[in-house]
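Colleague: Would you mind keeping the following structure in view while I ask a few things?
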Number of protein chains: 2
Amino acid sequence: MILVTKVQNGYMRSDFPPYRPEMQANVFRRRCPSNAVLDMIADKWSAPIISRLKNGKLRHGELLGSIEGLSQRMLTQTLRDLESNGLVTRTVYPVVPLHVDYELTDLGRSLYDKALKPLTHWAMEHMGDVAQARAEFERRAG
Amino acid sequence: MILVTKVQNGYMRSDFPPYRPEMQANVFRRRCPSNAVLDMIADKWSAPIISRLKNGKLRHGELLGSIEGLSQRMLTQTLRDLESNGLVTRTVYPVVPLHVDYELTDLGRSLYDKALKPLTHWAMEHMGDVAQARAEFERRAG
DNA sequence: CTGCATCCTCAGCGATACTG
DNA sequence: CAGTATCGCTGAGGATGCAG
């Protein structure tokens, strides 16, 4: 069973496998847990949004303004996606004008601390090496 | 300057920012190091391939056979990409029939240990929570 | 302020066939 | 065995406009 939800223009990235223990057996199959997690945060905007939320709740507009290049369409879509995966909560204050804010769940914070932060950390440390490798490769291969 | 290399049908994912220290200042800009690293491994096949290579060198065919759904076209392309980022080395033995194998560089191994492994680990631990959240969300929102 | 709907473009990638 | 070239589909995602 694959949950696919038609949303807006396309589909939510909902090709999430039901969790079964035997999936741990072979990480080289597509749809293994690690790939599922990558799919969850590897789209264009999830990581920045999660990072941005790590210090507390933010409103739609605050997120939109603080991540360059992010369109409002993709913000909403990504937030829904994160919400559906239990990483973010959405709270609506029924006032006028409308006030909505988003906050990491414990699960979301855990994902940030255990997975995203290490990755960011590695990035900080090794971007130089990567850039150098790229330049080197470029030089050799044209 | 953005390095974009025309390759085969499309482009290598080479929109890599030259490394500059000030990029560390704001992780919410696109093209910050962490996003660059995500871009590096977040495509469909990089992570599985890196995982597969963590135990030592493998031949093209071995990789192809051991990752389900991976086409030979994408394997070559992804390997070139990884190679250009300094994560993988490609060694050609000029024999007949041709023999080529791929191996993680120190940088690649470091990426695996410091970034990919923690992520996989988190995935193993929390896939259940995510699946549950998904089901819950599905139930509420349809 | 928040966010859904529509239109449109272009990159990712699979299938297939061909070379050294 | 390893890799390249071509074709075509599909879906991510930007722009814009409307609604509660």
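Simple scheme: letters A, B, ... for chains in structure tokens order, numbers from 1 for residues in each chain, numbers from 1 for ligands in the order shown.
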Need the shell around Asp113 of chain A: protein/DNA/RNA residues with any atom at most 10 Å away, counting only C-alpha atoms (C1' of nucleotides). Skip same-chain ones fewer than 3 positions apart. Format as a list of chain:residue names?
Modeller: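 In the requested format, the answer is A:Ser51, A:Lys54, A:Leu107, A:Gly108, A:Arg109, A:Ser110, A:Leu116, A:Lys117, A:Pro118, A:Leu119, B:Pro118, B:Trp122.
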Colleague: Residues within 7 Å of Ser34 of chain A, please, as a list in words. Count only C-alpha atoms (C1' of nucleotides); anything in the same chain fewer than 2 positions from it doesn't count.
Modeller: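 Non-adjacent residues within range: Cys32, Ala36, Val37 and Leu38 of chain A; Leu119, Thr120 and Ala123 of chain B.
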Colleague: Choose the residue, out of A:Asn55, A:Gln72, A:Ser66, A:Thr91, that has the smallest atom-to-atom separation from DG13 of chain D; count only C-alpha atoms (C1' of nucleotides).
Modeller: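 So, comparing all the options, the nearest one is A:Gln72.
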Colleague: With only C-alpha atoms (C1' of nucleotides) considered, list every residue of chain D at most 9 Å from chain A, as a compact mmCIF listing (two decimals) with N, CA and C atoms (P, O5', C5', C4', C3', O3' and C1' of nucleotides), in the first residue's frame.
Modeller:
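Below you can see result-v2.txt, which holds the result:
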```
# COMPACT_ATOMS: atom_id res chain seq x y z
P DG D 11 4.54 11.40 -11.98
O5' DG D 11 5.22 12.39 -10.91
C5' DG D 11 6.63 12.38 -10.79
C4' DG D 11 7.13 13.79 -10.54
C3' DG D 11 6.19 14.65 -9.70
O3' DG D 11 6.98 15.55 -8.97
C1' DG D 11 6.60 15.76 -11.65
P DA D 12 6.97 15.61 -7.40
O5' DA D 12 8.11 16.65 -7.02
C5' DA D 12 9.42 16.46 -7.53
C4' DA D 12 10.04 17.80 -7.89
C3' DA D 12 9.76 18.92 -6.90
O3' DA D 12 10.94 19.69 -6.79
C1' DA D 12 9.00 19.57 -9.03
P DG D 13 11.09 20.73 -5.58
O5' DG D 13 10.65 22.09 -6.24
C5' DG D 13 11.37 22.60 -7.35
C4' DG D 13 10.56 23.68 -8.03
C3' DG D 13 9.90 24.71 -7.07
O3' DG D 13 10.14 25.99 -7.57
C1' DG D 13 8.38 23.99 -8.64
P DG D 14 10.60 27.17 -6.57
O5' DG D 14 10.40 28.47 -7.46
C5' DG D 14 11.08 28.58 -8.71
C4' DG D 14 10.24 29.36 -9.70
C3' DG D 14 9.56 30.61 -9.14
O3' DG D 14 9.77 31.71 -10.03
C1' DG D 14 7.96 29.22 -10.19
```
Colleague: Write down, as a ChimeraX atom specification, each residue of chain A that has any atom within 8 Å of an atom of chain C, counting only C-alpha atoms (C1' of nucleotides).
Modeller: /A:8-9,60-61,73,76,97-100
Colleague: Please dump the current selection as a short mmCIF file (atom, residue, chain, number, x, y, z; two decimals), in the first residue's frame; keep N, CA and C atoms.
Modeller:
```
data_model
loop_
_atom_site.label_atom_id
_atom_site.label_comp_id
_atom_site.auth_asym_id
_atom_site.auth_seq_id
_atom_site.Cartn_x
_atom_site.Cartn_y
_atom_site.Cartn_z
N GLN A 8 -2.88 20.00 -4.55
CA GLN A 8 -2.63 21.13 -5.43
C GLN A 8 -2.35 20.65 -6.84
N ASN A 9 -1.23 21.02 -7.29
CA ASN A 9 -0.84 20.77 -8.66
C ASN A 9 -0.37 19.35 -8.87
N HIS A 60 3.98 31.79 9.12
CA HIS A 60 4.13 31.62 7.67
C HIS A 60 4.97 32.74 7.06
N GLY A 61 4.58 33.95 7.33
CA GLY A 61 5.25 35.10 6.75
C GLY A 61 6.70 35.23 7.19
N ARG A 73 4.00 29.34 -2.39
CA ARG A 73 3.42 28.07 -2.79
C ARG A 73 4.21 26.89 -2.23
N THR A 76 4.04 26.61 1.72
CA THR A 76 2.84 25.93 2.20
C THR A 76 2.92 24.43 1.94
N PRO A 97 -6.44 39.89 11.13
CA PRO A 97 -6.15 38.91 10.07
C PRO A 97 -5.61 37.61 10.64
N LEU A 98 -5.75 36.58 9.84
CA LEU A 98 -5.40 35.23 10.26
C LEU A 98 -3.96 35.14 10.77
N HIS A 99 -3.81 34.32 11.80
CA HIS A 99 -2.47 34.11 12.34
C HIS A 99 -2.22 32.61 12.44
N VAL A 100 -1.17 32.16 11.77
CA VAL A 100 -0.83 30.74 11.79
C VAL A 100 0.64 30.60 12.15
#
```
Colleague: Return the neighbours of chain B among the residues of chain A, cut-off 6 Å, counting only C-alpha atoms, as a list in words.
Modeller: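 Residues passing the distance filter: Tyr19, Phe28, Arg29, Pro33, Ser34, Val37, Ala42, Pro48, Ile67, Glu68, Ser84, Asn85, Gly86, Ala115, Pro118, Leu119, Thr120, Ala123, Gly128, Val130, Ala133, Arg134 and Phe137 of chain A.
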Colleague: In segment 50-119 of chain A, what's alpha helix (DSSP H) per DSSP? Answer as number ranges by chain?
Modeller: A: 50-53, 60-66, 72-84, 106-111, 117-119
Colleague: Quick one, how far is atom CA of Val96 of chain A from atom C1' of DA15 of chain D?
Modeller: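 Separating atom CA of Val96 of chain A from atom C1' of DA15 of chain D is a distance of 27.2 Å.
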Colleague: Apply DSSP to the structure's backbone, then extract all residues of segment 28-137 of chain A labelled strand (DSSP E or B) and return them as a PyMOL selection string.
Modeller: chain A and resi 58-59+88-93+99-104
Colleague: Between B:Val95, B:Leu64, B:Leu75, B:Leu104, which one has atoms that come closest to Ile50 of chain B, using only C-alpha atoms?
Modeller: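 Ranking B:Val95, B:Leu64, B:Leu75, B:Leu104 by distance to Ile50 of chain B, first place goes to B:Leu104.
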